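Here is the file entry_11.tsv (TSV, C-alpha atoms).
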chain	number	residue	atom	x	y	z
A	200	MET	CA	29.55	30.55	-33.58
A	201	ILE	CA	33.09	30.88	-34.90
A	202	ILE	CA	34.43	29.65	-38.24
A	203	ILE	CA	38.19	29.06	-38.57
A	204	LYS	CA	40.24	28.57	-41.72
A	205	THR	CA	42.60	25.59	-41.45
A	206	ASP	CA	44.47	25.93	-44.76
A	207	GLY	CA	46.71	28.84	-43.79
A	208	ARG	CA	44.57	31.43	-45.53
A	209	THR	CA	42.82	34.36	-43.85
A	210	PHE	CA	39.71	36.46	-44.20
A	211	PRO	CA	39.95	39.97	-45.74
A	212	ASN	CA	40.66	41.53	-42.32
A	213	GLY	CA	43.75	39.34	-41.89
A	214	ASP	CA	42.28	36.99	-39.28
A	215	ALA	CA	42.05	33.25	-39.78
A	216	TRP	CA	38.67	33.26	-38.04
A	217	ARG	CA	35.38	35.11	-38.12
A	218	CYS	CA	32.29	35.18	-35.92
A	219	LEU	CA	29.17	34.06	-37.75
A	220	THR	CA	26.61	35.16	-35.17
A	221	CYS	CA	28.08	38.45	-33.97
A	222	GLY	CA	26.35	41.72	-34.84
A	223	LEU	CA	23.17	40.15	-36.19
A	224	PRO	CA	20.15	42.45	-36.51
A	225	GLU	CA	17.63	41.62	-33.79
A	226	GLY	CA	15.10	40.48	-36.38
A	227	ASN	CA	17.50	37.87	-37.77
A	228	ALA	CA	17.42	35.63	-34.70
A	229	ILE	CA	13.81	35.75	-33.48
A	230	GLY	CA	12.92	32.61	-31.55
A	231	ARG	CA	16.47	31.33	-31.25
A	232	THR	CA	16.45	28.41	-28.81
A	233	GLY	CA	19.04	27.34	-26.26
A	234	GLU	CA	22.76	27.03	-26.79
A	235	PHE	CA	24.68	26.49	-30.02
A	236	ASP	CA	25.86	22.98	-29.08
A	237	HIS	CA	26.92	20.11	-31.39
A	238	PRO	CA	27.51	22.43	-34.39
A	239	GLU	CA	27.56	20.76	-37.82
A	240	THR	CA	27.80	22.30	-41.26
A	241	SER	CA	26.37	20.81	-44.43
A	242	TRP	CA	28.92	19.63	-47.01
A	243	ASP	CA	28.18	22.65	-49.22
A	244	GLY	CA	28.94	25.09	-46.37
A	245	ARG	CA	25.59	26.87	-46.64
A	246	ARG	CA	23.72	25.46	-43.65
A	247	LEU	CA	24.73	25.04	-40.03
A	248	LEU	CA	22.94	23.05	-37.33
A	249	ALA	CA	23.73	24.38	-33.86
A	250	GLY	CA	21.70	23.07	-30.96
A	251	GLN	CA	18.03	23.41	-31.90
A	252	ASN	CA	18.73	26.07	-34.52
A	253	ILE	CA	19.52	26.24	-38.22
A	254	ILE	CA	21.89	29.04	-39.27
A	255	GLU	CA	22.04	30.23	-42.88
A	256	CYS	CA	23.53	33.15	-44.79
A	257	SER	CA	20.95	34.01	-47.47
A	258	GLY	CA	22.28	31.33	-49.81
A	259	TYR	CA	25.98	32.24	-49.45
A	260	THR	CA	28.62	29.94	-47.99
A	261	PHE	CA	29.88	30.95	-44.55
A	262	THR	CA	33.34	31.69	-45.94
A	263	ASP	CA	32.02	34.00	-48.66
A	264	THR	CA	32.96	37.67	-48.11
A	265	ARG	CA	29.35	38.51	-48.92
A	266	CYS	CA	28.24	36.58	-45.82
A	267	THR	CA	27.84	39.68	-43.67
A	268	PRO	CA	25.91	39.90	-40.36
A	269	ASP	CA	22.83	41.39	-42.03
A	270	ARG	CA	22.57	38.27	-44.23
A	271	VAL	CA	22.97	35.69	-41.43
A	272	HIS	CA	19.74	34.25	-40.00
A	273	VAL	CA	19.20	31.98	-37.01
A	274	TYR	CA	16.04	29.92	-37.43
A	275	PRO	CA	14.63	27.81	-34.56
A	276	LEU	CA	13.92	24.13	-35.18
A	277	ARG	CA	10.51	22.74	-34.16
A	278	TRP	CA	9.15	19.20	-33.95
A	279	ASN	CA	5.35	19.14	-33.78
A	280	VAL	CA	3.89	16.59	-31.35
A	281	THR	CA	0.27	17.82	-31.05
A	282	ALA	CA	-2.71	17.22	-33.33
A	283	ALA	CA	-3.46	20.95	-33.55
A	284	GLY	CA	0.16	21.97	-34.01
A	285	SER	CA	0.08	24.12	-30.89
A	286	GLY	CA	2.67	24.75	-28.22
A	287	PRO	CA	6.47	24.79	-28.30
A	288	GLY	CA	6.90	21.36	-29.94
A	289	GLY	CA	8.62	18.22	-28.71
A	290	SER	CA	11.82	18.02	-26.72
A	291	MET	CA	14.87	17.06	-28.80
A	292	ARG	CA	18.42	16.19	-27.89
A	293	GLU	CA	21.54	14.88	-29.67
A	294	ILE	CA	20.38	16.51	-32.92
A	295	ARG	CA	22.54	15.61	-35.92
A	296	LEU	CA	22.51	16.89	-39.50
A	297	HIS	CA	22.25	14.30	-42.27
A	298	PRO	CA	24.91	14.59	-45.02
A	299	ASP	CA	22.20	15.60	-47.51
A	300	GLY	CA	21.71	18.82	-45.53
A	301	VAL	CA	17.91	18.50	-45.54
A	302	HIS	CA	17.28	15.81	-42.92
A	303	VAL	CA	18.15	15.63	-39.23
A	304	GLY	CA	18.17	12.83	-36.71
A	305	PHE	CA	17.54	13.32	-33.00
A	306	SER	CA	16.69	11.57	-29.75
A	307	SER	CA	13.89	12.31	-27.33
A	308	VAL	CA	13.55	11.22	-23.71
A	309	THR	CA	10.28	9.77	-22.44
A	310	THR	CA	8.95	9.21	-18.93
A	311	THR	CA	5.81	7.18	-18.25
A	312	ARG	CA	3.34	7.86	-15.45
A	313	SER	CA	4.90	5.01	-13.51
A	314	GLY	CA	8.28	6.74	-13.72
A	315	LYS	CA	9.83	4.49	-16.36
A	316	PHE	CA	12.57	6.26	-18.29
A	317	GLY	CA	13.03	5.70	-22.01
A	318	GLN	CA	14.54	7.20	-25.13
A	319	TYR	CA	13.68	6.90	-28.82
A	320	SER	CA	15.36	8.34	-31.89
A	321	TYR	CA	13.81	9.91	-34.96
A	322	LEU	CA	14.52	11.04	-38.52
A	323	GLY	CA	12.81	14.11	-40.00
A	324	ARG	CA	12.99	16.48	-42.95
A	325	LEU	CA	13.80	20.20	-42.62
A	326	THR	CA	10.93	22.27	-44.03
A	327	PHE	CA	11.17	26.06	-43.94
A	328	ASN	CA	8.07	27.77	-42.53
A	329	PRO	CA	8.30	31.54	-43.14
A	330	SER	CA	4.96	32.41	-41.47
A	331	PRO	CA	3.82	29.82	-38.88
A	332	ALA	CA	0.06	29.85	-38.27
A	333	THR	CA	0.26	27.67	-35.16
A	334	GLY	CA	2.80	26.66	-32.56
A	335	THR	CA	5.68	28.53	-31.06
A	336	PRO	CA	7.93	30.26	-31.71
A	337	ALA	CA	5.68	32.31	-34.01
A	338	ALA	CA	8.60	33.36	-36.19
A	339	PRO	CA	10.27	32.08	-39.36
A	340	ARG	CA	11.48	28.61	-38.45
A	341	TYR	CA	12.31	25.15	-39.70
A	342	ASP	CA	9.63	22.56	-39.01
A	343	LEU	CA	10.47	18.88	-38.96
A	344	THR	CA	8.16	17.03	-41.33
A	345	LYS	CA	7.72	13.36	-42.25
A	346	VAL	CA	9.17	12.41	-38.88
A	347	THR	CA	9.83	8.68	-38.46
A	348	ARG	CA	10.57	6.93	-35.17
A	349	LEU	CA	13.51	4.58	-35.64
A	350	PHE	CA	11.98	1.75	-33.64
A	351	SER	CA	9.57	-1.08	-34.38
A	352	THR	CA	7.02	-2.32	-31.83
A	353	ALA	CA	6.62	-5.65	-33.64
A	354	PRO	CA	7.31	-8.53	-31.20
A	355	ASP	CA	9.71	-10.23	-33.62
A	356	ARG	CA	11.73	-6.99	-34.01
A	357	GLN	CA	12.88	-6.78	-30.39
A	358	ALA	CA	16.45	-7.45	-29.29
A	359	VAL	CA	15.24	-9.58	-26.39
A	360	ARG	CA	11.88	-11.35	-26.32
A	361	VAL	CA	10.18	-14.39	-24.88
A	362	ASP	CA	10.33	-17.41	-27.16
A	363	PRO	CA	6.69	-17.87	-28.30
A	364	LYS	CA	7.29	-21.60	-28.72
A	365	ASN	CA	8.96	-22.00	-25.34
A	366	PRO	CA	7.88	-19.33	-22.78
A	367	GLY	CA	10.60	-20.46	-20.41
A	368	ARG	CA	13.33	-19.21	-22.73
A	369	LEU	CA	14.47	-15.84	-24.06
A	370	LEU	CA	15.46	-15.11	-27.63
A	371	ILE	CA	18.25	-12.58	-28.26
A	372	ASN	CA	18.64	-11.08	-31.72
A	373	PRO	CA	21.63	-8.70	-32.11
A	374	SER	CA	20.77	-8.05	-35.77
A	375	VAL	CA	17.64	-6.06	-34.88
A	376	PRO	CA	18.07	-2.25	-35.10
A	377	THR	CA	17.66	-0.92	-31.56
A	378	VAL	CA	18.33	2.76	-32.09
A	379	GLY	CA	18.72	4.11	-28.57
A	380	GLU	CA	20.68	7.34	-28.40
A	381	LEU	CA	21.37	8.65	-31.90
A	382	ARG	CA	25.01	9.42	-32.70
A	383	GLY	CA	24.76	10.63	-36.30
A	384	PHE	CA	25.03	9.22	-39.80
A	385	SER	CA	27.56	7.51	-42.03
A	386	GLY	CA	29.54	9.70	-44.41
A	387	THR	CA	27.35	8.80	-47.38
A	388	GLY	CA	24.20	9.09	-45.28
A	389	ASP	CA	23.09	5.51	-45.96
A	390	GLU	CA	23.27	4.55	-42.28
A	391	VAL	CA	22.25	5.96	-38.92
A	392	THR	CA	24.70	5.45	-36.05
A	393	TYR	CA	23.55	4.90	-32.48
A	394	ILE	CA	24.19	3.35	-29.08
A	395	GLY	CA	22.32	0.07	-29.28
A	396	TYR	CA	21.25	-2.76	-27.03
A	397	PRO	CA	24.46	-4.60	-26.06
A	398	THR	CA	25.52	-7.67	-28.00
A	399	GLU	CA	27.49	-8.88	-24.96
A	400	SER	CA	26.76	-8.40	-21.29
A	401	SER	CA	27.71	-4.93	-19.98
A	402	ASN	CA	29.57	-4.14	-23.22
A	403	ILE	CA	28.02	-0.94	-24.53
A	404	ASP	CA	28.88	-0.32	-28.17
A	405	VAL	CA	27.98	1.81	-31.16
A	406	TYR	CA	26.18	0.38	-34.18
A	407	ALA	CA	25.10	1.47	-37.66
A	408	ALA	CA	21.82	0.54	-39.33
A	409	ASN	CA	21.05	1.00	-43.00
A	410	LEU	CA	18.17	3.48	-43.35
A	411	ARG	CA	16.68	1.53	-46.26
A	412	THR	CA	17.19	-2.11	-45.33
A	413	GLY	CA	17.64	-2.00	-41.55
A	414	LYS	CA	20.79	-4.12	-41.80
A	415	VAL	CA	22.93	-3.65	-38.69
A	416	ARG	CA	26.70	-3.63	-38.36
A	417	ARG	CA	28.58	-3.36	-35.10
A	418	LEU	CA	31.13	-0.54	-35.22
A	419	THR	CA	32.85	-1.19	-31.87
A	420	ALA	CA	33.28	-4.40	-29.90
A	421	HIS	CA	36.07	-3.62	-27.42
A	422	PRO	CA	34.97	-4.13	-23.79
A	423	GLU	CA	35.63	-0.47	-23.01
A	424	TYR	CA	32.95	2.18	-23.51
A	425	ALA	CA	32.44	3.98	-26.84
A	426	ASP	CA	30.01	6.81	-27.48
A	427	PRO	CA	30.85	9.83	-29.66
A	428	LEU	CA	31.97	8.87	-33.16
A	429	ASP	CA	31.96	9.91	-36.80
A	430	ILE	CA	32.29	7.96	-40.05
A	431	SER	CA	34.50	9.18	-42.88
A	432	PRO	CA	32.90	10.65	-46.03
A	433	ASP	CA	33.65	7.44	-47.99
A	434	ASP	CA	32.35	5.18	-45.16
A	435	LYS	CA	35.69	3.35	-44.95
A	436	TRP	CA	36.79	4.55	-41.50
A	437	THR	CA	35.29	5.32	-38.11
A	438	ILE	CA	36.77	7.67	-35.54
A	439	ALA	CA	35.41	6.77	-32.09
A	440	MET	CA	35.96	8.42	-28.73
A	441	ASP	CA	36.56	5.37	-26.56
A	442	THR	CA	37.81	4.59	-23.04
A	443	ARG	CA	39.96	1.66	-24.24
A	444	GLY	CA	43.31	1.73	-22.46
A	445	SER	CA	41.83	3.19	-19.27
A	446	ASP	CA	40.51	-0.18	-17.98
A	447	ARG	CA	37.46	1.63	-16.62
A	448	GLN	CA	35.09	-1.16	-17.68
A	449	MET	CA	37.26	-4.23	-18.10
A	450	PHE	CA	36.19	-5.53	-14.70
A	451	MET	CA	32.64	-6.17	-15.93
A	452	ALA	CA	32.77	-6.17	-19.74
A	453	GLY	CA	35.96	-8.16	-20.24
A	454	MET	CA	34.15	-11.52	-20.23
A	455	ARG	CA	33.20	-11.89	-23.89
A	456	ALA	CA	30.18	-13.62	-25.43
A	457	ILE	CA	28.10	-13.52	-22.23
A	458	PRO	CA	24.43	-12.89	-23.22
A	459	PRO	CA	23.19	-9.38	-22.31
A	460	ILE	CA	20.42	-10.51	-19.96
A	461	THR	CA	21.11	-8.19	-17.01
A	462	ASP	CA	21.38	-5.22	-19.40
A	463	LEU	CA	17.58	-5.04	-19.52
A	464	ILE	CA	17.78	-3.17	-16.21
A	465	SER	CA	21.46	-2.35	-15.65
A	466	THR	CA	22.54	-0.42	-18.76
A	467	SER	CA	22.45	3.02	-17.12
A	468	ALA	CA	24.55	1.91	-14.16
A	469	THR	CA	26.97	0.11	-16.45
A	470	SER	CA	27.55	3.14	-18.68
A	471	SER	CA	28.11	5.48	-15.72
A	472	THR	CA	31.40	3.80	-14.77
A	473	ARG	CA	33.10	5.27	-17.86
A	474	ASN	CA	33.55	8.57	-15.98
A	475	ASN	CA	35.08	9.55	-12.66
A	476	GLY	CA	32.93	12.48	-11.63
A	477	GLN	CA	33.56	15.23	-14.16
A	478	ARG	CA	36.58	13.48	-15.60
A	479	ARG	CA	36.25	11.50	-18.80
A	480	PHE	CA	38.69	9.04	-20.31
A	481	PHE	CA	37.85	9.17	-24.02
A	482	GLN	CA	40.64	8.89	-26.57
A	483	PRO	CA	40.30	9.08	-30.38
A	484	ILE	CA	40.46	5.60	-31.91
A	485	LEU	CA	40.61	5.03	-35.68
A	486	ILE	CA	38.81	1.84	-36.74
A	487	ASP	CA	38.39	0.44	-40.25
A	488	ARG	CA	34.98	-0.24	-41.79
A	489	PHE	CA	34.90	-3.84	-40.58
A	490	GLY	CA	35.07	-2.81	-36.91
A	491	ASP	CA	36.80	-4.37	-33.90
A	492	ARG	CA	37.49	-8.06	-34.44
A	493	GLY	CA	39.87	-10.67	-33.08
A	494	THR	CA	43.05	-8.93	-31.98
A	495	TYR	CA	42.30	-5.84	-34.07
A	496	ALA	CA	41.17	-2.91	-31.90
A	497	GLY	CA	41.93	0.06	-34.12
A	498	GLN	CA	44.63	2.66	-33.57
A	499	GLN	CA	44.79	5.44	-30.99
A	500	LEU	CA	45.46	8.65	-32.90
A	501	ASN	CA	46.99	10.64	-30.07
A	502	ALA	CA	49.25	7.91	-28.70
A	503	GLY	CA	52.62	9.19	-27.53
A	504	ASP	CA	54.99	9.38	-24.60
A	505	GLY	CA	52.48	11.18	-22.36
A	506	ALA	CA	54.69	14.23	-21.93
A	507	PRO	CA	52.96	17.08	-20.08
A	508	GLY	CA	51.09	19.31	-22.49
A	509	SER	CA	51.18	16.83	-25.38
A	510	VAL	CA	48.02	15.42	-26.96
A	511	SER	CA	48.79	12.14	-25.19
A	512	ASP	CA	49.12	13.76	-21.75
A	513	PRO	CA	46.83	11.57	-19.57
A	514	TYR	CA	45.35	14.67	-17.97
A	515	TRP	CA	43.90	15.74	-21.31
A	516	ASN	CA	40.49	14.10	-21.72
A	517	GLY	CA	38.81	13.60	-25.07
A	518	MET	CA	35.34	15.09	-25.14
A	519	ALA	CA	32.32	15.53	-27.39
A	520	ASP	CA	31.95	14.55	-31.03
A	521	PRO	CA	34.91	13.97	-33.35
A	522	LYS	CA	34.43	15.15	-36.93
A	523	TRP	CA	36.00	14.27	-40.26
A	524	SER	CA	37.13	16.88	-42.74
A	525	PRO	CA	35.18	16.83	-46.04
A	526	ASP	CA	38.15	15.26	-47.85
A	527	GLY	CA	38.48	12.47	-45.27
A	528	THR	CA	42.12	13.22	-44.40
A	529	GLN	CA	41.79	15.03	-41.06
A	530	ILE	CA	39.70	14.89	-37.90
A	531	THR	CA	38.86	17.35	-35.17
A	532	TYR	CA	38.02	16.52	-31.58
A	533	TRP	CA	37.74	18.43	-28.34
A	534	GLN	CA	39.97	17.85	-25.32
A	535	SER	CA	39.67	19.27	-21.81
A	536	PHE	CA	42.36	19.45	-19.14
A	537	VAL	CA	41.99	17.93	-15.67
A	538	VAL	CA	44.22	19.49	-13.03
A	539	PRO	CA	46.54	16.76	-11.65
A	540	PRO	CA	46.02	15.73	-7.99
A	541	ALA	CA	49.44	17.16	-7.13
A	542	CYS	CA	48.10	20.55	-8.19
A	543	GLY	CA	44.87	20.33	-6.23
A	544	GLY	CA	42.79	18.15	-8.48
A	545	ALA	CA	39.64	19.14	-10.34

For this file, produce the structure as structure tokens.
Amino acid sequence: MIIIKTDGRTFPNGDAWRCLTCGLPEGNAIGRTGEFDHPETSWDGRRLLAGQNIIECSGYTFTDTRCTPDRVHVYPLRWNVTAAGSGPGGSMREIRLHPDGVHVGFSSVTTTRSGKFGQYSYLGRLTFNPSPATGTPAAPRYDLTKVTRLFSTAPDRQAVRVDPKNPGRLLINPSVPTVGELRGFSGTGDEVTYIGYPTESSNIDVYAANLRTGKVRRLTAHPEYADPLDISPDDKWTIAMDTRGSDRQMFMAGMRAIPPITDLISTSATSSTRNNGQRRFFQPILIDRFGDRGTYAGQQLNAGDGAPGSVSDPYWNGMADPKWSPDGTQITYWQSFVVPPACGGA
């Protein structure tokens, strides 16, 4: 894990960057799990979520000169799913750190005996366990406690259900929180963001639901596909990685206000058209708090003349999660280059 200064200053050795996880004593990373993907730091700069690990520096911020390798610890993250607390814990993906620095949200894939694929999302509290008595890894770790599944099984809390008064009709309720794949939280932490059940046929969008009231707001409504996104610290702006402008999905999602009936079985196939093999078409789109509406579809932040090598070069693809700076004035996002067909393709 690398930390980089972006204000023109340097570390004592003259570099603008430093490695946080290099040279750690072997005992400081016992039980480390997987890769350090989707890294997120807490607002106070003292805790880092990376993959299924929590990284800390003995109470110091990561930019503090006292944050030396012997003080950095990598603690595995474990979600207990057994009555006895045994085993390696549950499988987690798309783990995101809540702005309060003590909660995380995550998604987990399920498969039934009949082969049905599903995914639910959860919210849990980080609880440090210095000496685990059960479960693996048997090393200092962070256990997730008070875990809540962000889904209700109540019949009247489903996005699509049979009308109990008229069994020949379906009722569609877009205001019900249907937290599919978790995307993160609002800047203030009041809301969870997620890919939800479509409001319109084949139009996959991102939503936010208030963690206290369950009130839902639709963050994107453009027919193109949106997925990774982040909300500014003051909750006034959303930066979304979106395929709008590529026309990848206009052929099936461009007809607005069509009820999402077929999406009960076709969502996976619909979402797959956003890519062309390994190539993605995401671009960073800035959207105000009120979301897409009417003729308003936000603003592409890297729009330009498309000159080779520029941020608007069409062979540069937006990837992964965009992030706001703590002061809400800058964003970061990851781009990857696709070799043009004239050069052999990729």

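Reported to one decimal place, the separation of CA of Asp462 (chain A) from CA of Arg447 (chain A) is 17.7 Å.
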
Please write as an mmCIF file with C-alpha atoms, in the frame of the given file the list of polymer residues whose atoms come within 12 Å of (18.5, 38.7, -36.1), counting all atoms listed in the file and keeping to the coordinates of the file.
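Result file follows (result02.cif):
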data_model
loop_
_atom_site.group_PDB
_atom_site.id
_atom_site.type_symbol
_atom_site.label_atom_id
_atom_site.label_comp_id
_atom_site.auth_asym_id
_atom_site.auth_seq_id
_atom_site.Cartn_x
_atom_site.Cartn_y
_atom_site.Cartn_z
ATOM 1 C CA LEU A 219 29.170 34.060 -37.750
ATOM 2 C CA THR A 220 26.610 35.160 -35.170
ATOM 3 C CA CYS A 221 28.080 38.450 -33.970
ATOM 4 C CA GLY A 222 26.350 41.720 -34.840
ATOM 5 C CA LEU A 223 23.170 40.150 -36.190
ATOM 6 C CA PRO A 224 20.150 42.450 -36.510
ATOM 7 C CA GLU A 225 17.630 41.620 -33.790
ATOM 8 C CA GLY A 226 15.100 40.480 -36.380
ATOM 9 C CA ASN A 227 17.500 37.870 -37.770
ATOM 10 C CA ALA A 228 17.420 35.630 -34.700
ATOM 11 C CA ILE A 229 13.810 35.750 -33.480
ATOM 12 C CA GLY A 230 12.920 32.610 -31.550
ATOM 13 C CA ARG A 231 16.470 31.330 -31.250
ATOM 14 C CA ILE A 254 21.890 29.040 -39.270
ATOM 15 C CA GLU A 255 22.040 30.230 -42.880
ATOM 16 C CA CYS A 256 23.530 33.150 -44.790
ATOM 17 C CA PRO A 268 25.910 39.900 -40.360
ATOM 18 C CA ASP A 269 22.830 41.390 -42.030
ATOM 19 C CA ARG A 270 22.570 38.270 -44.230
ATOM 20 C CA VAL A 271 22.970 35.690 -41.430
ATOM 21 C CA HIS A 272 19.740 34.250 -40.000
ATOM 22 C CA VAL A 273 19.200 31.980 -37.010
ATOM 23 C CA TYR A 274 16.040 29.920 -37.430
ATOM 24 C CA PRO A 275 14.630 27.810 -34.560
ATOM 25 C CA ALA A 338 8.600 33.360 -36.190
ATOM 26 C CA PRO A 339 10.270 32.080 -39.360
#

Atom-to-atom span, CA of Asn516 (chain A) and CA of Gln482 (chain A), Å: 7.1 Å

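Of the residues under consideration (A:Pro354, A:Gly383, A:Pro422, A:Pro397), A:Pro422 shows the shortest atom-to-atom contact distance to Arg492 (chain A) when counting only C-alpha atoms.
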
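Interatomic distance, CA of Gln251 (chain A) to CA of Leu322 (chain A): 14.5 Å.
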
Selection near region 291-305 of chain A, 7 Å with only C-alpha atoms, sequence-local residues under 4 positions removed, as a list in words: Glu239, Ser241, Trp242, Leu248, Gly250, Ser320, Tyr321, Leu322, Gly323, Arg324, Leu325, Leu381, Gly383, Phe384, Gly386, Thr387 and Gly388 of chain A

Using all atoms listed in the file, which protein or nucleic acid residues come within 12 Å of Asn475 (chain A)? Drop anything in the same chain fewer than 4 positions from it, and give the result as a CSV table (one decimal) with C-alpha atoms, in the frame of the given file.
chain,number,residue,atom,x,y,z
A,442,THR,CA,37.8,4.6,-23.0
A,445,SER,CA,41.8,3.2,-19.3
A,447,ARG,CA,37.5,1.6,-16.6
A,448,GLN,CA,35.1,-1.2,-17.7
A,470,SER,CA,27.6,3.1,-18.7
A,471,SER,CA,28.1,5.5,-15.7
A,479,ARG,CA,36.2,11.5,-18.8
A,480,PHE,CA,38.7,9.0,-20.3
A,481,PHE,CA,37.8,9.2,-24.0
A,516,ASN,CA,40.5,14.1,-21.7
A,537,VAL,CA,42.0,17.9,-15.7
A,545,ALA,CA,39.6,19.1,-10.3

Among the residues A:Asp433, A:Lys364, A:Ala439, A:Thr205, the one that comes closest to Thr392 (chain A) [using only C-alpha atoms]: A:Ala439

Taking all atoms of region 406-417 of chain A that appear in the file, build a box with edges along x, y and z, extend it by 4 Å on every side, and state its centre and edge lengths in Å to one decimal, as AutoDock Vina command-line options.
--center_x 22.6 --center_y -0.3 --center_z -40.2 --size_x 19.9 --size_y 15.6 --size_z 20.1

Non-local contacts of Tyr396 (chain A) (9 Å; only C-alpha atoms; under 5 positions in same chain excluded) as an MDAnalysis selection string: chainID A and resid 358 373 376:379 403:404 459 462:463 466

Residues near Gln318 (chain A), cut-off 7 Å, all atoms listed in the file, skip fewer than 3 positions along chain, as a short mmCIF file (atom, residue, chain, number, x, y, z; two decimals) with C-alpha atoms, in the coordinates of the input:
data_model
loop_
_atom_site.label_atom_id
_atom_site.label_comp_id
_atom_site.auth_asym_id
_atom_site.auth_seq_id
_atom_site.Cartn_x
_atom_site.Cartn_y
_atom_site.Cartn_z
CA SER A 306 16.69 11.57 -29.75
CA SER A 307 13.89 12.31 -27.33
CA VAL A 308 13.55 11.22 -23.71
CA THR A 309 10.28 9.77 -22.44
CA GLY A 379 18.72 4.11 -28.57
CA GLU A 380 20.68 7.34 -28.40
#

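Shortest atom-to-atom contact with Ser285 (chain A) among A:Gly453, A:Ala408, A:Ala332, A:Asp434: A:Ala332, counting all atoms listed in the file.
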
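Minimum atom-to-atom distance to Pro287 (chain A), evaluated using all atoms listed in the file, belongs to A:Pro336 out of A:Phe261, A:Pro331, A:Asp446, A:Pro336.
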
Shell around Arg217 (chain A) at 7 Å using all atoms listed in the file, local window under 5 positions removed, as a PyMOL selection string: chain A and resi 201-203

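Among the candidates A:Ile460, A:Ala519, A:Leu418, A:Leu276, the residue lying nearest to Asn372 (chain A) is A:Ile460 (atoms considered: all atoms listed in the file).
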
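Distances here use all atoms listed in the file; by that measure, the residue among A:Arg382, A:Arg455, A:Arg478, A:Lys435 closest to His237 (chain A) is A:Arg382.
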